[in-house]
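J.: Please find data_24.txt (compact mmCIF, C-alpha atoms and all ligand atoms) on the next line:
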```
# COMPACT_ATOMS: atom_id res chain seq x y z
CA MET H 1 -46.65 -36.67 9.23
CA ASP H 2 -45.72 -36.25 5.60
CA ILE H 3 -44.20 -32.99 4.43
CA LYS H 4 -44.83 -33.51 0.75
CA ASP H 5 -44.12 -31.80 -2.55
CA ILE H 6 -41.61 -29.42 -1.08
CA ASN H 7 -39.09 -29.79 -3.91
CA ILE H 8 -36.42 -27.65 -2.33
CA PRO H 9 -33.16 -27.47 -4.30
CA ILE H 10 -30.52 -28.96 -2.01
CA LEU H 11 -28.07 -26.21 -2.87
CA SER H 12 -30.65 -23.44 -2.48
CA LYS H 13 -28.95 -22.02 0.61
CA ASN H 14 -25.64 -21.68 -1.19
CA ILE H 15 -27.41 -19.96 -4.07
CA LYS H 16 -29.15 -17.55 -1.67
CA GLU H 17 -25.89 -16.77 0.09
CA GLY H 18 -24.36 -16.28 -3.34
CA GLU H 19 -27.06 -13.75 -4.23
CA THR H 20 -26.32 -11.89 -1.01
CA ASN H 21 -22.64 -11.85 -1.96
CA LYS H 22 -23.49 -10.52 -5.39
CA ASN H 23 -25.55 -7.69 -3.91
CA ILE H 24 -22.61 -6.75 -1.69
CA PHE H 25 -20.17 -6.84 -4.62
CA GLU H 26 -22.49 -4.76 -6.79
CA SER H 27 -23.07 -2.18 -4.07
CA LYS H 28 -19.29 -1.78 -3.90
CA GLY H 29 -18.80 -1.65 -7.65
CA LEU H 30 -16.81 -4.88 -7.77
CA LEU H 31 -16.79 -7.07 -10.85
CA THR H 32 -16.38 -10.59 -9.46
CA ILE H 33 -14.70 -13.41 -11.34
CA ASN H 34 -14.70 -17.10 -10.34
CA LEU H 35 -11.63 -18.83 -11.81
CA ILE H 36 -12.01 -22.59 -12.19
CA SER H 37 -9.49 -25.10 -13.51
CA SER H 38 -7.58 -28.25 -12.67
CA PRO H 39 -4.58 -27.95 -10.32
CA GLY H 40 -1.59 -26.21 -11.81
CA SER H 41 -3.22 -24.78 -14.92
CA GLY H 42 -1.83 -21.34 -14.14
CA LYS H 43 -4.51 -19.48 -12.14
CA THR H 44 -2.10 -17.85 -9.71
CA THR H 45 0.39 -17.07 -12.48
CA LEU H 46 -2.40 -15.36 -14.39
CA LEU H 47 -3.30 -13.19 -11.39
CA GLU H 48 0.35 -12.34 -10.68
CA ASN H 49 0.62 -11.08 -14.24
CA ILE H 50 -2.67 -9.30 -14.84
CA ALA H 51 -3.37 -7.67 -11.47
CA PRO H 52 -0.45 -5.18 -11.71
CA ILE H 53 -1.49 -4.22 -15.24
CA LEU H 54 -5.14 -3.78 -14.22
CA ASN H 55 -3.95 -1.62 -11.36
CA GLU H 56 -2.01 0.62 -13.75
CA GLN H 57 -5.07 0.90 -15.97
CA GLY H 58 -7.20 2.13 -13.10
CA PHE H 59 -8.86 -1.17 -12.22
CA PRO H 60 -7.18 -2.32 -9.01
CA CYS H 61 -7.97 -5.85 -7.85
CA LEU H 62 -8.69 -7.91 -4.79
CA VAL H 63 -8.00 -11.64 -4.66
CA ILE H 64 -9.54 -14.47 -2.65
CA GLU H 65 -7.37 -17.57 -2.87
CA GLY H 66 -9.00 -20.95 -2.31
CA ASP H 67 -6.81 -23.90 -1.44
CA ILE H 68 -7.23 -27.14 0.45
CA ALA H 69 -4.18 -26.33 2.58
CA THR H 70 -1.20 -23.90 2.53
CA THR H 71 -1.03 -20.16 1.98
CA ARG H 72 1.50 -20.34 -0.85
CA ASP H 73 -0.73 -18.77 -3.48
CA ALA H 74 -1.71 -15.88 -1.19
CA GLU H 75 1.97 -15.27 -0.44
CA ARG H 76 2.69 -15.09 -4.17
CA ILE H 77 -0.12 -12.58 -4.70
CA ASN H 78 0.88 -10.51 -1.66
CA LYS H 79 4.39 -10.21 -3.07
CA LYS H 80 2.86 -8.30 -5.95
CA GLU H 81 1.33 -5.89 -3.43
CA ILE H 82 -2.18 -6.99 -4.21
CA LYS H 83 -4.66 -7.37 -1.37
CA CYS H 84 -5.37 -11.02 -0.94
CA VAL H 85 -6.91 -13.36 1.59
CA GLN H 86 -6.48 -17.10 1.69
CA ILE H 87 -9.27 -19.59 2.38
CA ASN H 88 -8.14 -23.06 3.42
CA THR H 89 -10.97 -25.50 2.84
CA HIS H 90 -9.27 -28.34 4.78
CA GLY H 91 -10.14 -31.09 2.38
CA ILE H 92 -13.25 -29.64 0.76
CA CYS H 93 -12.88 -29.70 -3.01
CA HIS H 94 -14.61 -26.40 -3.79
CA LEU H 95 -15.47 -22.98 -2.38
CA GLU H 96 -18.96 -22.08 -1.11
CA SER H 97 -20.72 -18.73 -0.86
CA LYS H 98 -20.46 -18.45 2.90
CA MET H 99 -16.69 -18.96 2.82
CA ILE H 100 -16.44 -16.15 0.29
CA ARG H 101 -18.39 -13.73 2.45
CA LYS H 102 -16.21 -14.42 5.49
CA ALA H 103 -13.06 -14.01 3.45
CA PHE H 104 -14.34 -10.86 1.78
CA GLU H 105 -14.97 -9.27 5.17
CA GLN H 106 -11.27 -9.68 5.94
CA LEU H 107 -10.24 -7.72 2.86
CA ASP H 108 -9.58 -4.07 3.45
CA MET H 109 -11.29 -2.72 0.36
CA VAL H 110 -10.64 0.86 -0.66
CA ASN H 111 -11.18 1.60 -4.33
CA GLU H 112 -10.77 -1.81 -5.94
CA LYS H 113 -12.89 -2.63 -8.96
CA ILE H 114 -12.34 -6.32 -9.61
CA LEU H 115 -12.47 -9.26 -7.21
CA PHE H 116 -10.86 -12.47 -8.41
CA ILE H 117 -11.72 -15.71 -6.68
CA GLU H 118 -9.21 -18.47 -7.38
CA ASN H 119 -11.20 -21.62 -6.74
CA VAL H 120 -9.73 -24.90 -5.51
CA GLY H 121 -7.97 -26.71 -8.38
CA ASN H 122 -10.67 -29.12 -9.61
CA LEU H 123 -12.64 -29.27 -12.86
CA VAL H 124 -15.79 -30.82 -11.44
CA CYS H 125 -17.00 -29.67 -8.04
CA PRO H 126 -16.38 -25.90 -8.15
CA ALA H 127 -18.63 -25.69 -11.19
CA GLU H 128 -21.56 -26.81 -9.01
CA PHE H 129 -21.30 -23.98 -6.46
CA TYR H 130 -22.36 -20.45 -7.33
CA LEU H 131 -20.42 -17.89 -5.28
CA GLY H 132 -22.14 -14.68 -6.33
CA GLU H 133 -19.75 -14.06 -9.20
CA HIS H 134 -20.58 -12.13 -12.34
CA GLU H 135 -18.53 -14.41 -14.56
CA LYS H 136 -17.39 -17.99 -14.25
CA ILE H 137 -14.18 -18.54 -16.21
CA ALA H 138 -12.63 -21.87 -17.16
CA ILE H 139 -8.87 -22.13 -17.52
CA LEU H 140 -7.25 -24.91 -19.48
CA SER H 141 -3.49 -25.29 -19.86
CA VAL H 142 -2.28 -26.90 -23.05
CA THR H 143 -0.34 -29.56 -21.14
CA GLU H 144 -3.60 -31.04 -19.83
CA GLY H 145 -4.55 -32.18 -23.31
CA GLU H 146 -7.18 -31.18 -25.82
CA ASP H 147 -9.67 -33.81 -24.66
CA LYS H 148 -10.40 -32.12 -21.32
CA PRO H 149 -13.33 -29.93 -22.41
CA GLU H 150 -15.20 -32.98 -23.70
CA LYS H 151 -14.36 -34.95 -20.55
CA TYR H 152 -15.46 -32.16 -18.21
CA PRO H 153 -18.21 -30.64 -20.33
CA LEU H 154 -20.29 -28.82 -17.74
CA LEU H 155 -17.63 -26.32 -16.75
CA PHE H 156 -16.72 -25.53 -20.34
CA LYS H 157 -20.36 -25.30 -21.38
CA GLU H 158 -21.31 -22.97 -18.56
CA SER H 159 -18.28 -20.65 -18.57
CA SER H 160 -18.55 -17.17 -19.97
CA CYS H 161 -14.97 -17.16 -21.17
CA VAL H 162 -12.20 -19.77 -21.59
CA LEU H 163 -8.51 -19.09 -21.04
CA LEU H 164 -6.04 -21.36 -22.78
CA THR H 165 -2.77 -21.03 -20.88
CA LYS H 166 0.86 -22.11 -21.37
CA VAL H 167 0.58 -21.81 -25.13
CA ASP H 168 4.38 -21.37 -25.21
CA LEU H 169 4.51 -25.13 -24.57
CA LEU H 170 2.50 -26.10 -27.66
CA PRO H 171 5.59 -26.84 -29.79
CA PHE H 172 6.77 -29.39 -27.23
CA LEU H 173 3.42 -31.17 -27.33
CA ASP H 174 3.03 -31.47 -31.09
CA LEU H 175 -0.34 -29.78 -30.75
CA THR H 176 -1.74 -26.63 -32.29
CA GLU H 177 -3.93 -23.94 -30.81
CA ASP H 178 -6.56 -24.73 -33.45
CA ILE H 179 -7.10 -28.19 -32.00
CA PHE H 180 -7.82 -26.72 -28.59
CA ILE H 181 -10.08 -24.03 -29.98
CA SER H 182 -12.17 -26.49 -31.97
CA GLU H 183 -12.46 -28.82 -28.97
CA ILE H 184 -13.64 -25.92 -26.77
CA ARG H 185 -15.99 -24.74 -29.51
CA LYS H 186 -17.70 -28.14 -29.57
CA LEU H 187 -19.07 -27.34 -26.14
CA ASN H 188 -19.28 -23.60 -26.17
CA LYS H 189 -19.95 -21.69 -29.36
CA LYS H 190 -20.08 -18.25 -27.84
CA ALA H 191 -17.55 -17.78 -25.05
CA PRO H 192 -14.46 -15.84 -26.06
CA ILE H 193 -11.28 -17.95 -25.92
CA PHE H 194 -8.10 -16.14 -24.93
CA LEU H 195 -4.67 -17.67 -25.53
CA MET H 196 -1.93 -16.73 -23.12
CA SER H 197 1.54 -17.47 -21.91
CA LYS H 198 3.59 -16.16 -19.03
CA LYS H 199 6.52 -15.84 -21.46
CA ASP H 200 4.70 -13.18 -23.44
CA LYS H 201 3.12 -10.48 -21.28
CA SER H 202 1.31 -8.98 -24.25
CA SER H 203 -0.73 -12.19 -24.48
CA TYR H 204 -2.67 -11.08 -21.40
CA MET H 205 -3.88 -7.81 -22.89
CA GLU H 206 -6.94 -9.08 -24.71
CA PHE H 207 -8.30 -10.72 -21.59
CA ILE H 208 -7.55 -7.60 -19.56
CA GLU H 209 -9.52 -5.56 -22.06
CA TRP H 210 -12.41 -8.04 -21.82
CA LEU H 211 -12.45 -7.62 -18.02
CA ILE H 212 -12.44 -3.84 -18.26
CA GLN H 213 -15.28 -3.89 -20.77
CA LYS H 214 -17.27 -6.18 -18.46
CA HIS H 215 -16.75 -3.79 -15.60
CA LEU H 216 -17.84 -0.83 -17.70
CA SER H 217 -20.89 -2.67 -19.02
CA ILE H 218 -22.09 -3.50 -15.49
CA PHE H 219 -21.13 -0.37 -13.60
CA GLY H 220 -20.89 2.24 -16.32
CA GLY H 221 -18.29 4.95 -16.32
CA GLU H 222 -15.30 5.51 -18.55
CA ARG H 223 -11.78 4.20 -18.44
CA MET Q 1 -16.38 -35.44 -4.29
CA HIS Q 2 -18.57 -32.96 -2.49
CA GLU Q 3 -21.07 -35.45 -1.15
CA ALA Q 4 -20.44 -34.40 2.47
CA SER Q 5 -21.40 -30.80 1.66
CA ILE Q 6 -24.59 -32.05 0.03
CA VAL Q 7 -25.48 -34.26 3.00
CA GLN Q 8 -24.95 -31.33 5.38
CA GLU Q 9 -27.40 -29.28 3.33
CA ILE Q 10 -29.92 -32.15 3.33
CA ILE Q 11 -29.67 -32.41 7.12
CA ASP Q 12 -29.97 -28.64 7.62
CA ILE Q 13 -32.93 -28.16 5.29
CA THR Q 14 -34.76 -31.22 6.61
CA THR Q 15 -34.26 -30.16 10.23
CA GLU Q 16 -35.59 -26.70 9.42
CA GLN Q 17 -38.64 -28.10 7.64
CA ALA Q 18 -39.35 -30.61 10.40
CA LYS Q 19 -39.15 -27.92 13.07
CA GLN Q 20 -41.48 -25.68 11.12
CA ASN Q 21 -43.98 -28.54 11.19
CA ASN Q 22 -43.46 -29.14 14.92
CA ALA Q 23 -41.92 -32.54 14.36
CA HIS Q 24 -39.14 -33.83 16.57
CA LYS Q 25 -37.98 -36.83 14.64
CA VAL Q 26 -37.42 -37.48 10.94
CA LEU Q 27 -38.14 -40.98 9.63
CA GLU Q 28 -37.46 -40.57 5.94
CA VAL Q 29 -36.15 -38.02 3.48
CA GLU Q 30 -36.86 -38.47 -0.19
CA ILE Q 31 -34.63 -36.71 -2.66
CA THR Q 32 -34.15 -36.51 -6.42
CA VAL Q 33 -30.68 -36.58 -7.90
CA GLY Q 34 -30.17 -35.91 -11.58
CA ALA Q 35 -27.58 -37.95 -13.45
CA GLY Q 36 -25.92 -34.65 -14.35
CA ALA Q 37 -25.70 -33.35 -10.78
CA MET Q 38 -22.15 -34.69 -10.45
CA ILE Q 39 -22.99 -36.67 -7.33
CA GLU Q 40 -22.22 -40.31 -6.63
CA THR Q 41 -25.36 -41.62 -4.91
CA ASP Q 42 -23.59 -44.50 -3.11
CA LEU Q 43 -21.19 -42.03 -1.54
CA LEU Q 44 -24.11 -39.79 -0.68
CA SER Q 45 -25.86 -42.63 1.17
CA GLY Q 46 -22.64 -43.53 2.96
CA ALA Q 47 -22.05 -39.97 4.07
CA PHE Q 48 -25.68 -39.63 5.17
CA ASP Q 49 -25.45 -42.69 7.42
CA ILE Q 50 -22.44 -41.23 9.19
CA MET Q 51 -23.46 -37.59 9.35
CA LYS Q 52 -27.06 -38.11 10.51
CA ASN Q 53 -25.87 -39.19 13.97
CA GLU Q 54 -26.85 -36.86 16.78
CA THR Q 55 -29.32 -34.96 14.60
CA MET Q 56 -33.10 -35.17 14.20
CA LEU Q 57 -32.40 -37.48 11.29
CA GLU Q 58 -30.61 -40.09 13.36
CA ASP Q 59 -33.16 -42.81 12.58
CA ALA Q 60 -34.05 -41.56 9.14
CA THR Q 61 -33.56 -43.38 5.87
CA LEU Q 62 -32.52 -41.53 2.75
CA LYS Q 63 -34.54 -42.46 -0.31
CA ILE Q 64 -32.88 -41.42 -3.54
CA ASN Q 65 -34.79 -41.16 -6.80
CA LYS Q 66 -32.40 -40.94 -9.70
CA VAL Q 67 -33.52 -39.15 -12.82
CA ASN Q 68 -31.90 -39.29 -16.20
CA LEU Q 69 -29.90 -36.59 -17.88
CA LYS Q 70 -31.86 -35.35 -20.90
CA LEU Q 71 -30.03 -33.78 -23.80
CA HIS Q 72 -31.84 -31.86 -26.49
CA CYS Q 73 -29.95 -31.79 -29.76
CA LEU Q 74 -30.21 -28.49 -31.60
CA ASN Q 75 -28.89 -30.08 -34.78
CA CYS Q 76 -31.30 -33.00 -35.29
CA GLY Q 77 -33.93 -32.09 -32.72
CA LYS Q 78 -33.87 -35.44 -30.95
CA ILE Q 79 -33.85 -35.89 -27.20
CA SER Q 80 -31.52 -38.47 -25.68
CA GLU Q 81 -31.47 -39.76 -22.14
CA SER Q 82 -28.76 -41.24 -20.02
CA ASP Q 83 -28.60 -42.54 -16.48
CA ARG Q 84 -25.07 -41.24 -16.08
CA MET Q 85 -23.09 -38.14 -16.82
CA VAL Q 86 -22.16 -38.22 -20.49
CA SER Q 87 -20.29 -36.00 -22.87
CA MET Q 88 -22.55 -33.47 -24.52
CA GLU Q 89 -22.53 -35.35 -27.83
CA CYS Q 90 -25.86 -36.27 -29.43
CA PRO Q 91 -25.87 -40.08 -29.82
CA TYR Q 92 -27.97 -39.82 -33.01
CA CYS Q 93 -26.15 -37.28 -35.14
CA HIS Q 94 -22.94 -36.79 -33.10
CA SER Q 95 -23.41 -33.05 -32.89
CA PHE Q 96 -22.20 -31.28 -29.76
CA GLU Q 97 -24.78 -28.56 -30.18
CA THR Q 98 -26.93 -29.81 -27.38
CA ILE Q 99 -28.62 -28.30 -24.40
CA ILE Q 100 -29.34 -30.00 -21.10
CA GLU Q 101 -33.12 -30.21 -20.75
CA SER Q 102 -33.04 -31.72 -17.27
CA GLY Q 103 -31.01 -33.96 -15.04
CA ARG Q 104 -28.77 -31.33 -13.37
CA GLU Q 105 -31.13 -31.00 -10.42
CA MET Q 106 -30.89 -32.10 -6.82
CA LEU Q 107 -34.07 -31.67 -4.76
CA ILE Q 108 -35.60 -32.62 -1.44
CA ASN Q 109 -39.07 -33.84 -2.39
CA LYS Q 110 -40.63 -35.24 0.73
CA ILE Q 111 -39.99 -35.66 4.43
CA ILE Q 112 -41.72 -38.14 6.72
CA ALA Q 113 -41.49 -37.00 10.31
CA GLU Q 114 -43.28 -37.35 13.63
N1 LIG K 1 5.64 -22.48 -19.51
C1 LIG K 1 4.65 -21.93 -18.81
N2 LIG K 1 4.46 -22.26 -17.53
C2 LIG K 1 3.44 -21.69 -16.85
C3 LIG K 1 2.56 -20.77 -17.46
N3 LIG K 1 1.63 -20.39 -16.55
C4 LIG K 1 1.92 -21.05 -15.40
N4 LIG K 1 3.02 -21.83 -15.58
C5 LIG K 1 3.66 -22.68 -14.57
O1 LIG K 1 2.77 -23.70 -14.16
C6 LIG K 1 2.94 -23.99 -12.77
C7 LIG K 1 1.61 -23.90 -12.05
O2 LIG K 1 1.14 -22.57 -12.12
P1 LIG K 1 0.20 -21.91 -11.04
O3 LIG K 1 -0.04 -20.51 -11.46
O4 LIG K 1 0.73 -22.13 -9.67
O5 LIG K 1 -1.11 -22.78 -11.23
P2 LIG K 1 -2.46 -22.79 -10.38
O6 LIG K 1 -3.56 -23.06 -11.31
O7 LIG K 1 -2.55 -21.55 -9.57
O8 LIG K 1 -2.22 -24.05 -9.42
P3 LIG K 1 -3.07 -24.50 -8.12
O9 LIG K 1 -3.44 -23.25 -7.38
O10 LIG K 1 -2.14 -25.36 -7.37
O11 LIG K 1 -4.27 -25.23 -8.66
C8 LIG K 1 3.96 -23.00 -12.25
O12 LIG K 1 5.20 -23.61 -12.17
C9 LIG K 1 3.95 -21.89 -13.29
O13 LIG K 1 5.16 -21.21 -13.40
C10 LIG K 1 2.78 -20.43 -18.84
O14 LIG K 1 2.08 -19.64 -19.45
N5 LIG K 1 3.83 -21.06 -19.46
MG MG K 2 -2.92 -21.34 -7.54
ZN ZN K 3 -28.56 -34.81 -32.90
```
If you took the structure in this file and wrote it as structure tokens, what would it be?
T.:
Amino acid sequence: MDIKDINIPILSKNIKEGETNKNIFESKGLLTINLISSPGSGKTTLLENIAPILNEQGFPCLVIEGDIATTRDAERINKKEIKCVQINTHGICHLESKMIRKAFEQLDMVNEKILFIENVGNLVCPAEFYLGEHEKIAILSVTEGEDKPEKYPLLFKESSCVLLTKVDLLPFLDLTEDIFISEIRKLNKKAPIFLMSKKDKSSYMEFIEWLIQKHLSIFGGER
Amino acid sequence: MHEASIVQEIIDITTEQAKQNNAHKVLEVEITVGAGAMIETDLLSGAFDIMKNETMLEDATLKINKVNLKLHCLNCGKISESDRMVSMECPYCHSFETIIESGREMLINKIIAE
């Protein structure tokens, strides 16, 4: 027998599971952020720095850490007294919606308002898997080079915000922030671009404000 | 490099569809893979041949129809096509203000079963 013209998207199950996740997050008032970048661009460093500030501002966070192996990132986050659960994908290059749900169930949520998902370090595959997030954010560290957005265009095109990290290292690279911004702008005219460095804590504030505004725009309320 | 995840989905969806149609054996699965779906079709076929064992798809062949990535340039209005993942640059006017018309998709089109 022929089962014809079915045209089922191969990733439809992941998308459906993602929608279920999103409903759960929304019912709990959680803004959910999917952080995607190459390995070592500074995802965990970002979370270590911004989560305590968000907490002080009345927007406590939860973190799901995705890694192929090891729990090193989760240990770093736990040290900051932020609730965190680690997913080990055992070789898989990305996170999927079902993994997120399982991990989320292990988190003891009380009054948190933002859930960060640190995806597996990879610029290609994670961009193909919706997790139920509100915002997909691309992170690019200056040491990776200004050509990366053009080489990995889908992520940069489809992200709602781009974080340029390690800008303290620009002088050592003979590069300027303008070069990075114009390269990102080639692919994405609209997404805000935030420049940051772990050496300057104030550089995180603009992004923190963006997150808070996102939360307020989705869930209402005042700060 | 997520071909194995894709193959698992193909096997799961096909098995479900076949069961719904009271079939017990799948002979062929026909899929469409866009050039912008970030999937290497040779690796997909390789993974399929290994992973289909001990499933209803054990004797099935995977037929892959590749479709081009279509970029629509907002600057000059032209549409360009490519059979591989390309940068988002319009080949005619070199603008990056382009949108992907199609070619990101990955679909199961047809199943032959008995
Ligand atoms: N100079 C400088 N170094 C940074 C900055 N942010 C992160 N780093 C360093 O870059 C290295 C990698 O940072 P991580 O935060 O572990 O990066 P990651 O993206 O979480 O890495 P993976 O989870 O392994 O993909 C660490 O040694 C950080 O200290 C920064 O703003 N400036
Ligand atoms: Mg990390
Ligand atoms: Zn053009």
J.: Go ahead and compute the interatomic distance for atom CA of Q:Ser82 and atom CA of Q:Gly36, in Å to one decimal.
T.: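 Those two atoms sit 9.1 Å apart.
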J.: Just give me the residues with any atom within 9 Å of (-17.4, -26.8, -11.5), file coordinates, counting all atoms listed in the file, written as a CSV table (one decimal) with C-alpha atoms, in the frame of the given file.
T.:
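Done, and the output landed in point04.csv:
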```
chain,number,residue,atom,x,y,z
H,36,ILE,CA,-12.0,-22.6,-12.2
H,37,SER,CA,-9.5,-25.1,-13.5
H,94,HIS,CA,-14.6,-26.4,-3.8
H,122,ASN,CA,-10.7,-29.1,-9.6
H,123,LEU,CA,-12.6,-29.3,-12.9
H,124,VAL,CA,-15.8,-30.8,-11.4
H,125,CYS,CA,-17.0,-29.7,-8.0
H,126,PRO,CA,-16.4,-25.9,-8.2
H,127,ALA,CA,-18.6,-25.7,-11.2
H,128,GLU,CA,-21.6,-26.8,-9.0
H,129,PHE,CA,-21.3,-24.0,-6.5
H,138,ALA,CA,-12.6,-21.9,-17.2
H,152,TYR,CA,-15.5,-32.2,-18.2
H,154,LEU,CA,-20.3,-28.8,-17.7
H,155,LEU,CA,-17.6,-26.3,-16.8
H,156,PHE,CA,-16.7,-25.5,-20.3
H,158,GLU,CA,-21.3,-23.0,-18.6
```
J.: Please determine, counting all atoms listed in the file, which residue among H:Leu173, H:Val142, H:Leu216, H:Ile184 has the shortest atom-to-atom distance to chain Q.
T.: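 For chain Q, the nearest of the candidates is H:Ile184.
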J.: Of the candidates Q:Thr14, Q:Ser45, Q:Asn109, Q:Ser95, which one gets nearest to Q:Cys73 if we count only C-alpha atoms?
T.: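 Distance minimum relative to Q:Cys73 lands on Q:Ser95.
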J.: What residues of the protein or nucleic acid chains come within 9 Å of ligand LIG 1 (chain K) when you use all atoms listed in the file? Reply as number ranges by chain.
T.: H: 36-48, 65-67, 72-73, 118-122, 139, 141, 164-169, 196-200
J.: Find the residues of chain Q in contact range of chain H, meaning any atom within 10 Å when counting only C-alpha atoms, and list them as a PDB file with C-alpha atoms, keeping the file's coordinate frame.
T.:
```pdb
ATOM      1  CA  MET Q   1     -16.380 -35.440  -4.290  1.00  0.00           C
ATOM      2  CA  HIS Q   2     -18.570 -32.960  -2.490  1.00  0.00           C
ATOM      3  CA  GLU Q   3     -21.070 -35.450  -1.150  1.00  0.00           C
ATOM      4  CA  ALA Q   4     -20.440 -34.400   2.470  1.00  0.00           C
ATOM      5  CA  SER Q   5     -21.400 -30.800   1.660  1.00  0.00           C
ATOM      6  CA  ILE Q   6     -24.590 -32.050   0.030  1.00  0.00           C
ATOM      7  CA  VAL Q   7     -25.480 -34.260   3.000  1.00  0.00           C
ATOM      8  CA  GLN Q   8     -24.950 -31.330   5.380  1.00  0.00           C
ATOM      9  CA  GLU Q   9     -27.400 -29.280   3.330  1.00  0.00           C
ATOM     10  CA  ILE Q  10     -29.920 -32.150   3.330  1.00  0.00           C
ATOM     11  CA  ILE Q  11     -29.670 -32.410   7.120  1.00  0.00           C
ATOM     12  CA  ASP Q  12     -29.970 -28.640   7.620  1.00  0.00           C
ATOM     13  CA  ILE Q  13     -32.930 -28.160   5.290  1.00  0.00           C
ATOM     14  CA  THR Q  14     -34.760 -31.220   6.610  1.00  0.00           C
ATOM     15  CA  GLN Q  17     -38.640 -28.100   7.640  1.00  0.00           C
ATOM     16  CA  ALA Q  18     -39.350 -30.610  10.400  1.00  0.00           C
ATOM     17  CA  ASN Q  21     -43.980 -28.540  11.190  1.00  0.00           C
ATOM     18  CA  ASN Q  22     -43.460 -29.140  14.920  1.00  0.00           C
ATOM     19  CA  ALA Q  23     -41.920 -32.540  14.360  1.00  0.00           C
ATOM     20  CA  VAL Q  26     -37.420 -37.480  10.940  1.00  0.00           C
ATOM     21  CA  LEU Q  27     -38.140 -40.980   9.630  1.00  0.00           C
ATOM     22  CA  GLU Q  28     -37.460 -40.570   5.940  1.00  0.00           C
ATOM     23  CA  VAL Q  29     -36.150 -38.020   3.480  1.00  0.00           C
ATOM     24  CA  GLU Q  30     -36.860 -38.470  -0.190  1.00  0.00           C
ATOM     25  CA  ILE Q  31     -34.630 -36.710  -2.660  1.00  0.00           C
ATOM     26  CA  THR Q  32     -34.150 -36.510  -6.420  1.00  0.00           C
ATOM     27  CA  VAL Q  33     -30.680 -36.580  -7.900  1.00  0.00           C
ATOM     28  CA  GLY Q  36     -25.920 -34.650 -14.350  1.00  0.00           C
ATOM     29  CA  ALA Q  37     -25.700 -33.350 -10.780  1.00  0.00           C
ATOM     30  CA  MET Q  38     -22.150 -34.690 -10.450  1.00  0.00           C
ATOM     31  CA  ILE Q  39     -22.990 -36.670  -7.330  1.00  0.00           C
ATOM     32  CA  MET Q  85     -23.090 -38.140 -16.820  1.00  0.00           C
ATOM     33  CA  VAL Q  86     -22.160 -38.220 -20.490  1.00  0.00           C
ATOM     34  CA  SER Q  87     -20.290 -36.000 -22.870  1.00  0.00           C
ATOM     35  CA  MET Q  88     -22.550 -33.470 -24.520  1.00  0.00           C
ATOM     36  CA  GLU Q  89     -22.530 -35.350 -27.830  1.00  0.00           C
ATOM     37  CA  SER Q  95     -23.410 -33.050 -32.890  1.00  0.00           C
ATOM     38  CA  PHE Q  96     -22.200 -31.280 -29.760  1.00  0.00           C
ATOM     39  CA  GLU Q  97     -24.780 -28.560 -30.180  1.00  0.00           C
ATOM     40  CA  THR Q  98     -26.930 -29.810 -27.380  1.00  0.00           C
ATOM     41  CA  ILE Q  99     -28.620 -28.300 -24.400  1.00  0.00           C
ATOM     42  CA  ILE Q 100     -29.340 -30.000 -21.100  1.00  0.00           C
ATOM     43  CA  ARG Q 104     -28.770 -31.330 -13.370  1.00  0.00           C
ATOM     44  CA  GLU Q 105     -31.130 -31.000 -10.420  1.00  0.00           C
ATOM     45  CA  MET Q 106     -30.890 -32.100  -6.820  1.00  0.00           C
ATOM     46  CA  LEU Q 107     -34.070 -31.670  -4.760  1.00  0.00           C
ATOM     47  CA  ILE Q 108     -35.600 -32.620  -1.440  1.00  0.00           C
ATOM     48  CA  ASN Q 109     -39.070 -33.840  -2.390  1.00  0.00           C
ATOM     49  CA  LYS Q 110     -40.630 -35.240   0.730  1.00  0.00           C
ATOM     50  CA  ILE Q 111     -39.990 -35.660   4.430  1.00  0.00           C
ATOM     51  CA  ILE Q 112     -41.720 -38.140   6.720  1.00  0.00           C
ATOM     52  CA  ALA Q 113     -41.490 -37.000  10.310  1.00  0.00           C
ATOM     53  CA  GLU Q 114     -43.280 -37.350  13.630  1.00  0.00           C
TER      54      GLU Q 114
END
```
J.: Which of these residues is nearest to ligand MG 2 (chain K), using all atoms listed in the file: H:Ala103, H:Ile117, H:Leu30, H:Ile82?
T.: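 The shortest atom-to-atom distance to ligand MG 2 (chain K) comes from H:Ile117.
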J.: Find the residue from H:Asn34, H:Thr20, H:Ser203, H:Ser182 that sits nearest to H:Lys136; use all atoms listed in the file when measuring.
T.: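 Using all atoms listed in the file, the shortest distance to H:Lys136 belongs to H:Asn34.
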J.: Kindly work out which residues sit at most 6 Å from ligand ZN 3 (chain K), using all atoms listed in the file, and give the list as a PDB file with C-alpha atoms, keeping the file's coordinate frame.
T.:
```
ATOM      1  CA  CYS Q  73     -29.950 -31.790 -29.760  1.00  0.00           C
ATOM      2  CA  ASN Q  75     -28.890 -30.080 -34.780  1.00  0.00           C
ATOM      3  CA  CYS Q  76     -31.300 -33.000 -35.290  1.00  0.00           C
ATOM      4  CA  LYS Q  78     -33.870 -35.440 -30.950  1.00  0.00           C
ATOM      5  CA  CYS Q  90     -25.860 -36.270 -29.430  1.00  0.00           C
ATOM      6  CA  TYR Q  92     -27.970 -39.820 -33.010  1.00  0.00           C
ATOM      7  CA  CYS Q  93     -26.150 -37.280 -35.140  1.00  0.00           C
ATOM      8  CA  HIS Q  94     -22.940 -36.790 -33.100  1.00  0.00           C
ATOM      9  CA  SER Q  95     -23.410 -33.050 -32.890  1.00  0.00           C
TER      10      SER Q  95
END
```
J.: What separation in Å, quoted to one decimal, exists between atom CA of H:Lys98 and atom CA of H:Phe25?
T.: 13.8 Å
J.: So the first atom is atom CA of H:Leu107 and the second is atom CA of H:Ile50; what is the distance between them in Å, to one decimal place?
T.: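 Computing the Euclidean distance for atom CA of H:Leu107 and atom CA of H:Ile50 yields 19.3 Å.
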